[in-house]
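Engineer: There's a structure below that I have some questions on.
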Amino acid sequence: MALHLTNPFEHRERIDAGMLWLANHQNPDGGWGDTIKSFSNISTTMLCRAALKMTGAEKEYPTVIEKVEDYLTSQAGKLPERRAEAIRRRYGSDRTFSVPILMSCAIAKLVPWKEVPRLPFELACLPQSWYRFAKLPVVSYALPALIAIGQCVHAHRPTWNPFTGPLRWLSRGLSLKVLQRIQPTSGGYLEATPLTSFVVMALSSIRRRRRPAEQQVIEEGVRFIVNSVRPDGSWPIDTNLATWVTTLSVNALASGGDLGALDTIEQILMWLLNQQYKTRHPYTGADPGGWAWTDLPGGVPDCDDTPGAILALFAIGNWEPWGIARNWVCGLQNGDGGWPTFCRGWGTLPFDRSGSDLTAHVLRAFVELGHFGHSDPKSDQEHFRKLYGDRVDRGLAYLAKQQRPDGSWLPLWFGNQHAPDDINPVYGTSRVLAAYRDLKLLSAPECQRGVNYLLSVQNADGGWGGAKECPSSVEETALAVEVLLNLAPGEAVRKGLLWLVEAVESGRFREPSPIGFYFAKLWYYEKLYPLIFTVAALGRARQHSSISTSSPEAGSV
């Protein structure tokens with residue numbers, strides 16, 4: 001849609017290839033999911049329907065149109081207003097994704113502009129440090145969407161409010177300069193195709209004489225889109241997760257004692273050190289010291305990748321950047337004791353609040369930071385309590401409050417499409433229990449309740465899914481097994497290991513599941529997750545000789 005709105009002739013080949021890819025990956029029920037492994041949903045299906053109409057592909061795919069219309073009618077009825085309401089209802093008060101989708105549908109003339117909520121793009125003109133007080137209707141890192149889509153909606157549906165109308169007119173130029181300033185050199189905001197495409201689409205749909213900043217944002221965004229297309233005509237949600245999967249891989253090998261087998265450890269070390277941000281980040285205003293999920297310029301430092309990088313560097317044996325990294329993490333702790341993803345103090349919308357999985361990751365990093373320079377256990381413990389005791393206590397208090405009555409914890413950034421409300425308590429609980437394990441708090445009541453929860457939701461086949469009675473997956477089974485090896489070794493762990501061994505021997509451990517999702521239920525899967533998590537679990541199991549995994553049906557590990 002973005003390429004069509006900018007230049008449908010120049011980009012015809014890419015547009016046609018993309019439309020063919022979409023047509024070939026329509027689900028049997030007529031809808032589309034976020035990935036080729038995902039269930040259909042109203043939001044993605046409406047986006048695909050808009051693309052079919054906007055690009056003029058309806059005549060080429062009559063069967064696709066018939067099936068998608070049947071799906072949309074079954075989900076939300078025939079009226080555009082009802083379909084728009086279904087999209088808004090999916091996301092509730094969070095407009096991060098509902099407004100871009102509705103804007104796309106309005107540009108394609110699938111819904112009237114009155115169905116597209118306005119976004120206060122003038123708030124982007126405030127000083128960056130004030131954003132968290134402005135109660136923005138989008139998550140902190142969706143600022144480009146706030147500006148571009150806010151201007152788009154205002155152009156197509158101007159407000160007659162005597163105060164906000166003139167204010168928005170006066171804010172156009174200044175907010176566009178903000179949009180230009182935070183655009184990375186790759187042209188892709190957050191290295192994300194959806195976000196960048198929405199920005200390009202929004203600005204390109206406004207028929208007016210463009211300002212230089214606006215034209216540059218569009219051109220750079222198109223450059224990113226063109227450079228990101230895959231050979232099969234599709235686009236990924238993000239360019240890559242290179243930093244994230246690298247630290248996960250290093251830590252998985254370290255947990256099994258296999259890090260020494262890498263003959264590229266020095267290259268990995270230098271690469272990781274080069275990914276640390278040494279200056280203030282222009283996008284979020286983050287202080288120096290953190291890591292993002294990618295090595296590309298559109299990344300933003302966050303409080304999941306940074307603890308992961310700290311753990312990886314300590315596993316490798318290098319502590320060079322520990323001071324600035326520690327300060328970065330400490331500075332992000334929220335008043336509730338937990339840690340958020342990007343920005344301290346943003347708590348209005350779901351993905352800006354503190355997260356149990358993030359908090360647990362930070363606590364595990366503190367354990368390693370506390371060991372630095374101390375070989376004597378008593379001195380080590382005193383040093384740890386002096387530096388991190390208060391922060392750890394507040395983090396543990398936060399985790400205690402977040403534990404659900406059944407003993408589980410919910411993660412912020414991962415889900416399971418088979419579970420009610422797309423939650424993934426197995427992932428969240430496994431990640432939190434790893435912190436209790438590393439802190440040697442195995443007898444803590446919260447830890448014991450978490451262990452009991454994991455044991456209670458193990459499937460009869462020995463594996464785990466995202467929640468009770470969800471199909472077993474490699475990812476969730478490996479995560480549960482790895483943490484239970486230390487916390488509850490026994491028959492349940494043996495059965496889980498047998499399940500993993502069979503998955504390896506059959507090759508099933510190479511099949512990823514869509515357990516990852518970004519803001520506003522935007523799903524993805526990562527092919528390295530099942531491999532990494534399996535290596536971590538089986539590597540740790542190898543060090544627990546008391547757990548036997550031999551059986552007549554399976555080999556042994």
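Labels used: A, B, ... for chains in the order of the structure tokens, numbers from 1 for residues in each chain, and numbers from 1 for ligands as shown.
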Quick one: everything within 12 Å of Leu22 (chain A), counting only C-alpha atoms, minus sequence neighbours fewer than 6 positions away in the same chain. Send it as an mmCIF file with all heavy atoms, in the first residue's frame.
Structural biologist:
data_model
loop_
_atom_site.group_PDB
_atom_site.id
_atom_site.type_symbol
_atom_site.label_atom_id
_atom_site.label_comp_id
_atom_site.auth_asym_id
_atom_site.auth_seq_id
_atom_site.Cartn_x
_atom_site.Cartn_y
_atom_site.Cartn_z
ATOM 1 N N ILE A 15 4.855 -4.594 -6.016
ATOM 2 C CA ILE A 15 3.465 -4.619 -5.550
ATOM 3 C C ILE A 15 2.791 -5.911 -6.004
ATOM 4 O O ILE A 15 2.111 -6.589 -5.216
ATOM 5 C CB ILE A 15 2.696 -3.388 -6.085
ATOM 6 C CG1 ILE A 15 3.265 -2.106 -5.455
ATOM 7 C CG2 ILE A 15 1.205 -3.511 -5.805
ATOM 8 C CD1 ILE A 15 2.766 -0.835 -6.114
ATOM 9 N N ASP A 16 2.951 -6.265 -7.265
ATOM 10 C CA ASP A 16 2.321 -7.478 -7.786
ATOM 11 C C ASP A 16 2.849 -8.726 -7.089
ATOM 12 O O ASP A 16 2.084 -9.646 -6.780
ATOM 13 C CB ASP A 16 2.565 -7.589 -9.295
ATOM 14 C CG ASP A 16 1.790 -6.543 -10.094
ATOM 15 O OD1 ASP A 16 0.856 -5.940 -9.524
ATOM 16 O OD2 ASP A 16 2.133 -6.325 -11.273
ATOM 17 N N GLY A 30 -10.670 -17.877 4.905
ATOM 18 C CA GLY A 30 -10.815 -16.644 4.151
ATOM 19 C C GLY A 30 -10.090 -15.454 4.730
ATOM 20 O O GLY A 30 -9.968 -14.415 4.084
ATOM 21 N N GLY A 31 -9.581 -15.592 5.974
ATOM 22 C CA GLY A 31 -8.870 -14.489 6.606
ATOM 23 C C GLY A 31 -7.366 -14.664 6.536
ATOM 24 O O GLY A 31 -6.852 -15.571 5.889
ATOM 25 N N TRP A 32 -6.680 -13.756 7.193
ATOM 26 C CA TRP A 32 -5.218 -13.839 7.310
ATOM 27 C C TRP A 32 -4.832 -13.689 8.777
ATOM 28 O O TRP A 32 -5.495 -12.964 9.544
ATOM 29 C CB TRP A 32 -4.528 -12.730 6.519
ATOM 30 C CG TRP A 32 -4.412 -12.952 5.058
ATOM 31 C CD1 TRP A 32 -3.385 -13.553 4.375
ATOM 32 C CD2 TRP A 32 -5.366 -12.569 4.053
ATOM 33 N NE1 TRP A 32 -3.642 -13.564 3.027
ATOM 34 C CE2 TRP A 32 -4.848 -12.961 2.795
ATOM 35 C CE3 TRP A 32 -6.617 -11.936 4.088
ATOM 36 C CZ2 TRP A 32 -5.537 -12.733 1.606
ATOM 37 C CZ3 TRP A 32 -7.305 -11.719 2.909
ATOM 38 C CH2 TRP A 32 -6.759 -12.120 1.679
ATOM 39 N N GLY A 33 -3.744 -14.367 9.158
ATOM 40 C CA GLY A 33 -3.151 -14.132 10.462
ATOM 41 C C GLY A 33 -1.887 -13.309 10.297
ATOM 42 O O GLY A 33 -1.467 -13.005 9.176
ATOM 43 N N ASP A 34 -1.259 -12.955 11.402
ATOM 44 C CA ASP A 34 -0.055 -12.126 11.326
ATOM 45 C C ASP A 34 1.115 -12.875 10.710
ATOM 46 O O ASP A 34 2.014 -12.273 10.135
ATOM 47 C CB ASP A 34 0.344 -11.648 12.728
ATOM 48 C CG ASP A 34 -0.683 -10.701 13.315
ATOM 49 O OD1 ASP A 34 -1.623 -10.319 12.601
ATOM 50 O OD2 ASP A 34 -0.543 -10.340 14.498
ATOM 51 N N THR A 35 1.145 -14.200 10.851
ATOM 52 C CA THR A 35 2.174 -15.028 10.234
ATOM 53 C C THR A 35 1.471 -16.141 9.454
ATOM 54 O O THR A 35 0.263 -16.352 9.598
ATOM 55 C CB THR A 35 3.110 -15.673 11.282
ATOM 56 O OG1 THR A 35 2.457 -16.820 11.853
ATOM 57 C CG2 THR A 35 3.460 -14.703 12.395
ATOM 58 N N ILE A 36 2.225 -16.892 8.671
ATOM 59 C CA ILE A 36 1.626 -17.993 7.915
ATOM 60 C C ILE A 36 1.261 -19.155 8.827
ATOM 61 O O ILE A 36 0.628 -20.119 8.381
ATOM 62 C CB ILE A 36 2.566 -18.470 6.789
ATOM 63 C CG1 ILE A 36 3.906 -18.948 7.359
ATOM 64 C CG2 ILE A 36 2.790 -17.368 5.775
ATOM 65 C CD1 ILE A 36 4.840 -19.552 6.327
ATOM 66 N N THR A 44 -5.578 -8.010 10.691
ATOM 67 C CA THR A 44 -4.727 -8.342 9.553
ATOM 68 C C THR A 44 -5.566 -8.584 8.297
ATOM 69 O O THR A 44 -5.162 -8.224 7.188
ATOM 70 C CB THR A 44 -3.881 -9.586 9.870
ATOM 71 O OG1 THR A 44 -3.169 -9.348 11.086
ATOM 72 C CG2 THR A 44 -2.890 -9.884 8.768
ATOM 73 N N THR A 45 -6.723 -9.181 8.481
ATOM 74 C CA THR A 45 -7.591 -9.444 7.336
ATOM 75 C C THR A 45 -8.083 -8.148 6.705
ATOM 76 O O THR A 45 -8.122 -8.019 5.470
ATOM 77 C CB THR A 45 -8.780 -10.324 7.761
ATOM 78 O OG1 THR A 45 -8.282 -11.543 8.340
ATOM 79 C CG2 THR A 45 -9.665 -10.665 6.572
ATOM 80 N N LEU A 47 -6.482 -5.323 6.774
ATOM 81 C CA LEU A 47 -5.322 -4.751 6.083
ATOM 82 C C LEU A 47 -5.132 -5.388 4.711
ATOM 83 O O LEU A 47 -4.874 -4.699 3.718
ATOM 84 C CB LEU A 47 -4.065 -4.953 6.925
ATOM 85 C CG LEU A 47 -3.742 -3.905 7.983
ATOM 86 C CD1 LEU A 47 -2.511 -4.322 8.781
ATOM 87 C CD2 LEU A 47 -3.518 -2.541 7.365
ATOM 88 N N CYS A 48 -5.249 -6.711 4.664
ATOM 89 C CA CYS A 48 -5.110 -7.396 3.369
ATOM 90 C C CYS A 48 -6.237 -7.001 2.411
ATOM 91 O O CYS A 48 -6.001 -6.826 1.202
ATOM 92 C CB CYS A 48 -5.111 -8.908 3.586
ATOM 93 S SG CYS A 48 -3.656 -9.513 4.463
ATOM 94 N N ARG A 49 -7.435 -6.864 2.958
ATOM 95 C CA ARG A 49 -8.564 -6.434 2.118
ATOM 96 C C ARG A 49 -8.322 -5.034 1.574
ATOM 97 O O ARG A 49 -8.626 -4.748 0.392
ATOM 98 C CB ARG A 49 -9.859 -6.458 2.951
ATOM 99 C CG ARG A 49 -11.116 -6.056 2.174
ATOM 100 C CD ARG A 49 -11.447 -7.098 1.136
ATOM 101 N NE ARG A 49 -12.576 -6.729 0.304
ATOM 102 C CZ ARG A 49 -12.500 -6.046 -0.831
ATOM 103 N NH1 ARG A 49 -11.302 -5.645 -1.279
ATOM 104 N NH2 ARG A 49 -13.567 -5.767 -1.537
ATOM 105 N N ALA A 50 -7.760 -4.154 2.383
ATOM 106 C CA ALA A 50 -7.456 -2.796 1.930
ATOM 107 C C ALA A 50 -6.394 -2.818 0.842
ATOM 108 O O ALA A 50 -6.474 -2.061 -0.137
ATOM 109 C CB ALA A 50 -6.991 -1.945 3.110
ATOM 110 N N ALA A 51 -5.392 -3.671 1.000
ATOM 111 C CA ALA A 51 -4.340 -3.770 -0.015
ATOM 112 C C ALA A 51 -4.903 -4.258 -1.346
ATOM 113 O O ALA A 51 -4.544 -3.757 -2.418
ATOM 114 C CB ALA A 51 -3.241 -4.714 0.465
ATOM 115 N N LEU A 52 -5.790 -5.234 -1.287
ATOM 116 C CA LEU A 52 -6.418 -5.742 -2.510
ATOM 117 C C LEU A 52 -7.176 -4.652 -3.254
ATOM 118 O O LEU A 52 -7.122 -4.557 -4.479
ATOM 119 C CB LEU A 52 -7.363 -6.896 -2.162
ATOM 120 C CG LEU A 52 -6.699 -8.242 -1.834
ATOM 121 C CD1 LEU A 52 -7.647 -9.132 -1.050
ATOM 122 C CD2 LEU A 52 -6.255 -8.938 -3.115
ATOM 123 N N ALA A 57 -6.152 -4.910 -7.232
ATOM 124 C CA ALA A 57 -5.939 -6.333 -7.480
ATOM 125 C C ALA A 57 -7.211 -7.159 -7.346
ATOM 126 O O ALA A 57 -7.162 -8.386 -7.467
ATOM 127 C CB ALA A 57 -4.882 -6.870 -6.514
ATOM 128 N N TYR A 61 -8.010 -11.455 -8.366
ATOM 129 C CA TYR A 61 -8.193 -12.487 -7.353
ATOM 130 C C TYR A 61 -9.653 -12.549 -6.894
ATOM 131 O O TYR A 61 -9.960 -12.308 -5.730
ATOM 132 C CB TYR A 61 -7.286 -12.205 -6.154
ATOM 133 C CG TYR A 61 -5.815 -12.136 -6.492
ATOM 134 C CD1 TYR A 61 -5.157 -10.914 -6.583
ATOM 135 C CD2 TYR A 61 -5.086 -13.300 -6.726
ATOM 136 C CE1 TYR A 61 -3.807 -10.854 -6.895
ATOM 137 C CE2 TYR A 61 -3.737 -13.254 -7.040
ATOM 138 C CZ TYR A 61 -3.107 -12.030 -7.123
ATOM 139 O OH TYR A 61 -1.768 -11.984 -7.435
ATOM 140 N N VAL A 64 -10.262 -14.974 -3.947
ATOM 141 C CA VAL A 64 -9.722 -14.423 -2.703
ATOM 142 C C VAL A 64 -10.682 -13.390 -2.115
ATOM 143 O O VAL A 64 -10.957 -13.390 -0.907
ATOM 144 C CB VAL A 64 -8.339 -13.788 -2.956
ATOM 145 C CG1 VAL A 64 -7.858 -13.040 -1.713
ATOM 146 C CG2 VAL A 64 -7.320 -14.853 -3.347
ATOM 147 N N ILE A 65 -11.208 -12.530 -2.961
ATOM 148 C CA ILE A 65 -12.150 -11.504 -2.507
ATOM 149 C C ILE A 65 -13.410 -12.133 -1.926
ATOM 150 O O ILE A 65 -13.912 -11.724 -0.865
ATOM 151 C CB ILE A 65 -12.521 -10.559 -3.669
ATOM 152 C CG1 ILE A 65 -11.294 -9.762 -4.127
ATOM 153 C CG2 ILE A 65 -13.646 -9.608 -3.263
ATOM 154 C CD1 ILE A 65 -10.736 -8.831 -3.084
ATOM 155 N N VAL A 68 -12.552 -13.638 1.518
ATOM 156 C CA VAL A 68 -12.275 -12.662 2.568
ATOM 157 C C VAL A 68 -13.545 -11.928 2.973
ATOM 158 O O VAL A 68 -13.750 -11.610 4.152
ATOM 159 C CB VAL A 68 -11.164 -11.676 2.144
ATOM 160 C CG1 VAL A 68 -11.608 -10.743 1.036
ATOM 161 C CG2 VAL A 68 -10.730 -10.835 3.355
ATOM 162 N N ASP A 232 10.796 -13.800 -2.132
ATOM 163 C CA ASP A 232 9.490 -14.379 -2.448
ATOM 164 C C ASP A 232 8.378 -13.333 -2.543
ATOM 165 O O ASP A 232 7.209 -13.672 -2.732
ATOM 166 C CB ASP A 232 9.111 -15.447 -1.420
ATOM 167 C CG ASP A 232 8.939 -14.883 -0.012
ATOM 168 O OD1 ASP A 232 9.118 -13.657 0.186
ATOM 169 O OD2 ASP A 232 8.624 -15.674 0.903
ATOM 170 N N GLY A 233 8.749 -12.044 -2.408
ATOM 171 C CA GLY A 233 7.754 -10.982 -2.521
ATOM 172 C C GLY A 233 7.174 -10.509 -1.205
ATOM 173 O O GLY A 233 6.381 -9.559 -1.183
ATOM 174 N N SER A 234 7.553 -11.141 -0.104
ATOM 175 C CA SER A 234 7.022 -10.753 1.208
ATOM 176 C C SER A 234 7.978 -9.810 1.920
ATOM 177 O O SER A 234 9.115 -9.598 1.491
ATOM 178 C CB SER A 234 6.793 -11.991 2.066
ATOM 179 O OG SER A 234 8.036 -12.578 2.436
ATOM 180 N N TRP A 235 7.497 -9.256 3.041
ATOM 181 C CA TRP A 235 8.326 -8.422 3.916
ATOM 182 C C TRP A 235 8.286 -8.980 5.333
ATOM 183 O O TRP A 235 7.238 -9.454 5.774
ATOM 184 C CB TRP A 235 7.826 -6.973 3.953
ATOM 185 C CG TRP A 235 8.301 -6.110 2.836
ATOM 186 C CD1 TRP A 235 9.401 -5.302 2.828
ATOM 187 C CD2 TRP A 235 7.686 -5.934 1.545
ATOM 188 N NE1 TRP A 235 9.512 -4.647 1.625
ATOM 189 C CE2 TRP A 235 8.471 -5.009 0.812
ATOM 190 C CE3 TRP A 235 6.552 -6.475 0.930
ATOM 191 C CZ2 TRP A 235 8.155 -4.612 -0.480
ATOM 192 C CZ3 TRP A 235 6.229 -6.089 -0.358
ATOM 193 C CH2 TRP A 235 7.032 -5.169 -1.051
#
Engineer: Got a sec: who's within 9 Å of Ile310 (chain A), counting only C-alpha atoms, leaving out chain neighbours fewer than 3 positions off, as number ranges by chain?
Structural biologist: A: 247, 305-307, 313-315, 319, 321-322, 325-326, 365, 368-369
Engineer: Taking N, CA and C atoms for each residue, export the selection above as a PDB file, in the first residue's frame.
Structural biologist:
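And here is the file that came out, again-v2.pdb:
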ATOM      1  N   THR A 247      22.715 -12.976  21.867  1.00  0.00           N
ATOM      2  CA  THR A 247      22.871 -13.096  23.327  1.00  0.00           C
ATOM      3  C   THR A 247      22.135 -14.323  23.848  1.00  0.00           C
ATOM      4  N   ASP A 305      16.903  -6.775  26.030  1.00  0.00           N
ATOM      5  CA  ASP A 305      18.163  -7.025  25.332  1.00  0.00           C
ATOM      6  C   ASP A 305      19.370  -6.616  26.161  1.00  0.00           C
ATOM      7  N   THR A 306      19.238  -5.566  26.961  1.00  0.00           N
ATOM      8  CA  THR A 306      20.386  -5.122  27.754  1.00  0.00           C
ATOM      9  C   THR A 306      20.771  -6.142  28.827  1.00  0.00           C
ATOM     10  N   PRO A 307      19.841  -6.642  29.642  1.00  0.00           N
ATOM     11  CA  PRO A 307      20.228  -7.714  30.570  1.00  0.00           C
ATOM     12  C   PRO A 307      20.759  -8.947  29.847  1.00  0.00           C
ATOM     13  N   LEU A 313      27.984 -11.209  28.063  1.00  0.00           N
ATOM     14  CA  LEU A 313      29.344 -10.707  28.235  1.00  0.00           C
ATOM     15  C   LEU A 313      30.006 -11.318  29.463  1.00  0.00           C
ATOM     16  N   PHE A 314      29.242 -11.491  30.544  1.00  0.00           N
ATOM     17  CA  PHE A 314      29.819 -12.139  31.726  1.00  0.00           C
ATOM     18  C   PHE A 314      30.104 -13.604  31.457  1.00  0.00           C
ATOM     19  N   ALA A 315      29.249 -14.247  30.647  1.00  0.00           N
ATOM     20  CA  ALA A 315      29.499 -15.649  30.301  1.00  0.00           C
ATOM     21  C   ALA A 315      30.787 -15.786  29.498  1.00  0.00           C
ATOM     22  N   TRP A 319      34.090  -7.866  31.184  1.00  0.00           N
ATOM     23  CA  TRP A 319      33.284  -6.976  32.005  1.00  0.00           C
ATOM     24  C   TRP A 319      33.533  -5.514  31.658  1.00  0.00           C
ATOM     25  N   PRO A 321      32.173  -3.166  29.688  1.00  0.00           N
ATOM     26  CA  PRO A 321      31.148  -2.116  29.701  1.00  0.00           C
ATOM     27  C   PRO A 321      30.167  -2.224  30.863  1.00  0.00           C
ATOM     28  N   TRP A 322      30.536  -2.944  31.942  1.00  0.00           N
ATOM     29  CA  TRP A 322      29.544  -3.264  32.959  1.00  0.00           C
ATOM     30  C   TRP A 322      29.039  -2.030  33.696  1.00  0.00           C
ATOM     31  N   ALA A 325      26.489  -0.030  31.606  1.00  0.00           N
ATOM     32  CA  ALA A 325      25.311  -0.890  31.411  1.00  0.00           C
ATOM     33  C   ALA A 325      24.514  -0.995  32.699  1.00  0.00           C
ATOM     34  N   ARG A 326      25.210  -1.170  33.824  1.00  0.00           N
ATOM     35  CA  ARG A 326      24.524  -1.240  35.108  1.00  0.00           C
ATOM     36  C   ARG A 326      23.754   0.035  35.383  1.00  0.00           C
ATOM     37  N   ALA A 365      20.658 -10.392  35.713  1.00  0.00           N
ATOM     38  CA  ALA A 365      21.859  -9.620  35.360  1.00  0.00           C
ATOM     39  C   ALA A 365      22.529  -9.064  36.613  1.00  0.00           C
ATOM     40  N   GLU A 368      24.903 -11.527  38.226  1.00  0.00           N
ATOM     41  CA  GLU A 368      26.223 -11.586  37.593  1.00  0.00           C
ATOM     42  C   GLU A 368      27.039 -10.338  37.888  1.00  0.00           C
ATOM     43  N   LEU A 369      26.393  -9.187  37.855  1.00  0.00           N
ATOM     44  CA  LEU A 369      27.105  -7.945  38.171  1.00  0.00           C
ATOM     45  C   LEU A 369      27.632  -7.969  39.604  1.00  0.00           C
TER      46      LEU A 369
END
Engineer: Separation of CA of Ala397 (chain A) and CA of Asn424 (chain A), in Å?
Structural biologist: 21.6 Å
Engineer: Per DSSP on the backbone, filter region 24-89 of chain A down to the residues in alpha helix (DSSP H) and report them as number ranges by chain.
Structural biologist: A: 24, 42-54, 62-76, 80-89
Engineer: Could the residues in this selection be saved with C-alpha atoms as a PDB file, in the first residue's frame?
Structural biologist:
ATOM      1  CA  ASN A  24      -1.163 -17.577  -1.775  1.00  0.00           C
ATOM      2  CA  ILE A  42     -10.015  -9.111  11.922  1.00  0.00           C
ATOM      3  CA  SER A  43      -7.137  -6.602  11.910  1.00  0.00           C
ATOM      4  CA  THR A  44      -4.727  -8.342   9.553  1.00  0.00           C
ATOM      5  CA  THR A  45      -7.591  -9.444   7.336  1.00  0.00           C
ATOM      6  CA  MET A  46      -8.854  -5.883   6.976  1.00  0.00           C
ATOM      7  CA  LEU A  47      -5.322  -4.751   6.083  1.00  0.00           C
ATOM      8  CA  CYS A  48      -5.110  -7.396   3.369  1.00  0.00           C
ATOM      9  CA  ARG A  49      -8.564  -6.434   2.118  1.00  0.00           C
ATOM     10  CA  ALA A  50      -7.456  -2.796   1.930  1.00  0.00           C
ATOM     11  CA  ALA A  51      -4.340  -3.770  -0.015  1.00  0.00           C
ATOM     12  CA  LEU A  52      -6.418  -5.742  -2.510  1.00  0.00           C
ATOM     13  CA  LYS A  53      -8.669  -2.769  -3.121  1.00  0.00           C
ATOM     14  CA  MET A  54      -6.100   0.006  -3.036  1.00  0.00           C
ATOM     15  CA  PRO A  62     -12.001 -12.913  -7.399  1.00  0.00           C
ATOM     16  CA  THR A  63     -11.906 -16.104  -5.316  1.00  0.00           C
ATOM     17  CA  VAL A  64      -9.722 -14.423  -2.703  1.00  0.00           C
ATOM     18  CA  ILE A  65     -12.150 -11.504  -2.507  1.00  0.00           C
ATOM     19  CA  GLU A  66     -15.148 -13.803  -2.131  1.00  0.00           C
ATOM     20  CA  LYS A  67     -13.507 -15.732   0.686  1.00  0.00           C
ATOM     21  CA  VAL A  68     -12.275 -12.662   2.568  1.00  0.00           C
ATOM     22  CA  GLU A  69     -15.680 -10.999   2.371  1.00  0.00           C
ATOM     23  CA  ASP A  70     -17.288 -14.127   3.798  1.00  0.00           C
ATOM     24  CA  TYR A  71     -14.762 -14.106   6.640  1.00  0.00           C
ATOM     25  CA  LEU A  72     -15.248 -10.412   7.447  1.00  0.00           C
ATOM     26  CA  THR A  73     -19.016 -10.751   7.341  1.00  0.00           C
ATOM     27  CA  SER A  74     -18.897 -13.694   9.721  1.00  0.00           C
ATOM     28  CA  GLN A  75     -16.664 -11.764  12.130  1.00  0.00           C
ATOM     29  CA  ALA A  76     -18.131  -8.273  11.997  1.00  0.00           C
ATOM     30  CA  PRO A  80     -18.116  -0.685   7.299  1.00  0.00           C
ATOM     31  CA  GLU A  81     -18.987   0.851  10.653  1.00  0.00           C
ATOM     32  CA  ARG A  82     -19.307  -2.560  12.287  1.00  0.00           C
ATOM     33  CA  ARG A  83     -16.019  -3.712  10.832  1.00  0.00           C
ATOM     34  CA  ALA A  84     -14.320  -0.566  12.118  1.00  0.00           C
ATOM     35  CA  GLU A  85     -15.785  -1.123  15.557  1.00  0.00           C
ATOM     36  CA  ALA A  86     -14.494  -4.703  15.567  1.00  0.00           C
ATOM     37  CA  ILE A  87     -10.966  -3.410  14.968  1.00  0.00           C
ATOM     38  CA  ARG A  88     -11.227  -0.826  17.744  1.00  0.00           C
ATOM     39  CA  ARG A  89     -12.656  -3.423  20.104  1.00  0.00           C
TER      40      ARG A  89
END
Engineer: Counting only C-alpha atoms, what is within 8 Å of region 269-286 of chain A, bar same-chain residues fewer than 2 positions away, as a ChimeraX atom specification?
Structural biologist: /A:128-129,140-141,181-182,243,265-267,288-292,295,300-301,309,313,316,318,321,342-343
Engineer: A:Pro158, A:Pro112, A:Gly260, A:Pro194: which is nearest Pro144 (chain A), counting only C-alpha atoms?
Structural biologist: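 Among the listed residues, the smallest separation from Pro144 (chain A) belongs to A:Pro194.
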Engineer: For a test of reading the model, state the distance in Å between CA of Arg208 (chain A) and CA of His154 (chain A), rounded to one decimal.
Structural biologist: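 Result for CA of Arg208 (chain A) versus CA of His154 (chain A): 12.8 Å, one decimal.
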Engineer: Find, counting only C-alpha atoms, the residue in A:Ser506, A:Val245, A:Trp523, A:Trp169 that gets nearest to Asp422 (chain A).
Structural biologist: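 Smallest separation from Asp422 (chain A) among the options: A:Trp523.
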Engineer: Find, counting only C-alpha atoms, the residue in A:Cys152, A:Ile515, A:Leu248, A:Val362 that gets nearest to Asn327 (chain A).
Structural biologist: A:Val362
Engineer: Can you pull out every residue within 6 Å of region 195-207 of chain A, counting only C-alpha atoms, but drop anything in the same chain fewer than 2 positions away, and send it as a list in words?
Structural biologist: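 Counting only the stated atoms, we get Ala2, Ala145, Ala148, Ile149, Cys152, Gly188, Tyr189, Ala192, Thr193 and Ile218 of chain A.
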Engineer: Leaving out Ser430 (chain A) and any residue of its chain fewer than 3 positions from it, which residues lie within 9 Å of it when counting only C-alpha atoms, given as JSON, numbers by chain?
Structural biologist: {"A": [357, 408, 409, 425, 426, 427, 433, 434, 450, 451, 454, 476, 479, 480, 481, 482, 483, 484]}
Engineer: Find the residues near Cys447 (chain A): any atom within 9 Å, counting only C-alpha atoms, skip ones fewer than 3 places away on the same chain, and give them as a PyMOL selection string.
Structural biologist: chain A and resi 407+432-433+436-437+441-444+450-452+487
Engineer: From a DSSP calculation on the backbone, collect every residue of region 377-541 of chain A in strand (DSSP E or B) and output the set as a VMD selection string.
Structural biologist: chain A and resid 414 516 to 518 522 to 524
Engineer: Write the residues you've just listed into a file as a JSON list (two decimals), in the first residue's frame, and include N, CA and C atoms for each of them.
Structural biologist:
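See result.json below for the written result:
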[["chain", "number", "residue", "atom", "x", "y", "z"],
["A", 414, "PHE", "N", 5.53, -11.83, 25.03],
["A", 414, "PHE", "CA", 5.31, -13.12, 24.39],
["A", 414, "PHE", "C", 3.90, -13.60, 24.68],
["A", 516, "GLY", "N", 6.01, -15.32, 19.71],
["A", 516, "GLY", "CA", 6.48, -13.95, 19.90],
["A", 516, "GLY", "C", 5.46, -12.96, 19.39],
["A", 517, "PHE", "N", 5.29, -11.85, 20.12],
["A", 517, "PHE", "CA", 4.46, -10.78, 19.57],
["A", 517, "PHE", "C", 4.93, -9.43, 20.10],
["A", 518, "TYR", "N", 4.71, -8.42, 19.26],
["A", 518, "TYR", "CA", 5.09, -7.06, 19.59],
["A", 518, "TYR", "C", 3.87, -6.32, 20.13],
["A", 522, "LEU", "N", 0.75, -7.96, 17.65],
["A", 522, "LEU", "CA", 1.34, -8.12, 16.32],
["A", 522, "LEU", "C", 2.33, -9.28, 16.42],
["A", 523, "TRP", "N", 1.97, -10.43, 15.85],
["A", 523, "TRP", "CA", 2.68, -11.68, 16.10],
["A", 523, "TRP", "C", 3.82, -11.93, 15.13],
["A", 524, "TYR", "N", 4.78, -12.73, 15.60],
["A", 524, "TYR", "CA", 5.85, -13.21, 14.74],
["A", 524, "TYR", "C", 6.34, -14.54, 15.29]]
Engineer: One decimal, in Å: what's the spacing between CA of Trp21 (chain A) and CA of Arg230 (chain A)?
Structural biologist: 10.8 Å
